[in-house]
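Take a look at the structure below.
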Amino acid sequence: MAISKEIREGLNIILNEASIINIEFNEIENYIFCKFELLREKDNKPPNIVNFKFENIFRFVAKYSEKVEDIIKVKKINPNEISYYVEKFINKDIYGWDFINIEKSNFNFENSSLDYITSESYDEQDSIELFQDDFDKNIEIKIWFEKFEIFNELYQKVNIEDLILRQNKIWDSIF
């Protein structure tokens with residue numbers, strides 16, 4: 001795994017209390033774009049949007065479930081349909097404090113909605129885990145990838161260390 005402990009901890013801070021706006025999966029070029037709205041400064045500044053581009057996807061698994069008449073049903077979906085299901089959770093924070101390279105996952109992907117695998121050695125790669133819920137539905141996502149980059153809302157590359165510093169300042173101003 002290539003992500004250092006410091007960057008991993010910084011990424012976990014960045015994603016804490018974020019919400020997923022969109023996920024775009026490009027199977028042909030083998031990347032996933034995740035658009036997040038991050039925690040923003042308390043004086044109602046404009047949205048704090050970043051785009052993570054995960055490249056060389058080794059595995060992409062998701063589970064979308066809905067509770068219907070007290071029965072939890074998992075919906076089977078195609079990887080290119082993930083955006084439609086993620087949009088159901090806009091303005092809902094992702095859960096957890098740890099998102100990157102979690103050693104003991106809480107996810108149970110048996111009976112998953114989608115499971116896209118390009119390499120059986122996916123568990124040796126970096127990964128991100130995301131979970132959102134909204135009353136009677138939830139979505140769990142895990143992506144194993146080789147590398148990633150972060151872009152701003154205009155798709156200009158963002159320096160990870162600068163973003164971590166900025167998000168730390170936002171957290172410090174809140175608490």
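Labeling convention for the structure tokens: chains A, B, ... as they appear, residues from 1 per chain, ligands from 1 in order of appearance.
Omitting stretch 105-117 of chain A and its sequence neighbours fewer than 3 positions away, and counting only C-alpha atoms, the residues within 6 Å are Phe58, Arg59, Phe60, Val61, Ala62, Lys63, Tyr64, Lys75, Lys76, Ile77 and Ile102 of chain A.
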Dump as CSV the rows for residues of stretch 10-45 of chain A within 10 Å of stretch 140-148 of chain A: closest atom pair and distance in Å with one decimal, only C-alpha atoms counted, ordered by chain and rising residue number.
```
residue,atom,partner,partner_atom,distance
A:Asn30,CA,A:Phe145,CA,9.7
A:Tyr31,CA,A:Phe145,CA,8.6
A:Ile32,CA,A:Ile143,CA,8.7
A:Phe33,CA,A:Phe148,CA,9.5
```
Let me see the file: selected residues, N, CA and C atoms, as a PDB file, in the first residue's frame.
```pdb
ATOM      1  N   ASN A  30     -10.814   2.509 -16.722  1.00  0.00           N
ATOM      2  CA  ASN A  30     -10.584   1.917 -15.404  1.00  0.00           C
ATOM      3  C   ASN A  30     -10.287   2.955 -14.319  1.00  0.00           C
ATOM      4  N   TYR A  31     -11.201   3.914 -14.166  1.00  0.00           N
ATOM      5  CA  TYR A  31     -11.093   4.872 -13.078  1.00  0.00           C
ATOM      6  C   TYR A  31     -12.484   5.171 -12.517  1.00  0.00           C
ATOM      7  N   ILE A  32     -12.479   5.725 -11.308  1.00  0.00           N
ATOM      8  CA  ILE A  32     -13.707   6.156 -10.651  1.00  0.00           C
ATOM      9  C   ILE A  32     -13.487   7.571 -10.146  1.00  0.00           C
ATOM     10  N   PHE A  33     -14.402   8.465 -10.479  1.00  0.00           N
ATOM     11  CA  PHE A  33     -14.414   9.828  -9.956  1.00  0.00           C
ATOM     12  C   PHE A  33     -15.448   9.885  -8.851  1.00  0.00           C
TER      13      PHE A  33
END
```
Test item: residues at most 9 Å from stretch 159-162 of chain A, only C-alpha atoms, excluding those fewer than 6 positions along its chain, as a PyMOL selection string: chain A and resi 7+10-11+149-151
Å distance separating atom CA of A:Glu27 from atom CA of A:Phe99, one decimal place: 22.9 Å
Members of stretch 1-130 of chain A assigned strand (DSSP E) by DSSP, as a PyMOL selection string: chain A and resi 19-26+31-38+48-68+71-75+114-117+126-130
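With only C-alpha atoms as the atoms that count, the residue of A:Ala2, A:Cys34, A:Ile170, A:Val74 with the shortest distance to A:Ile14 is A:Ile170.
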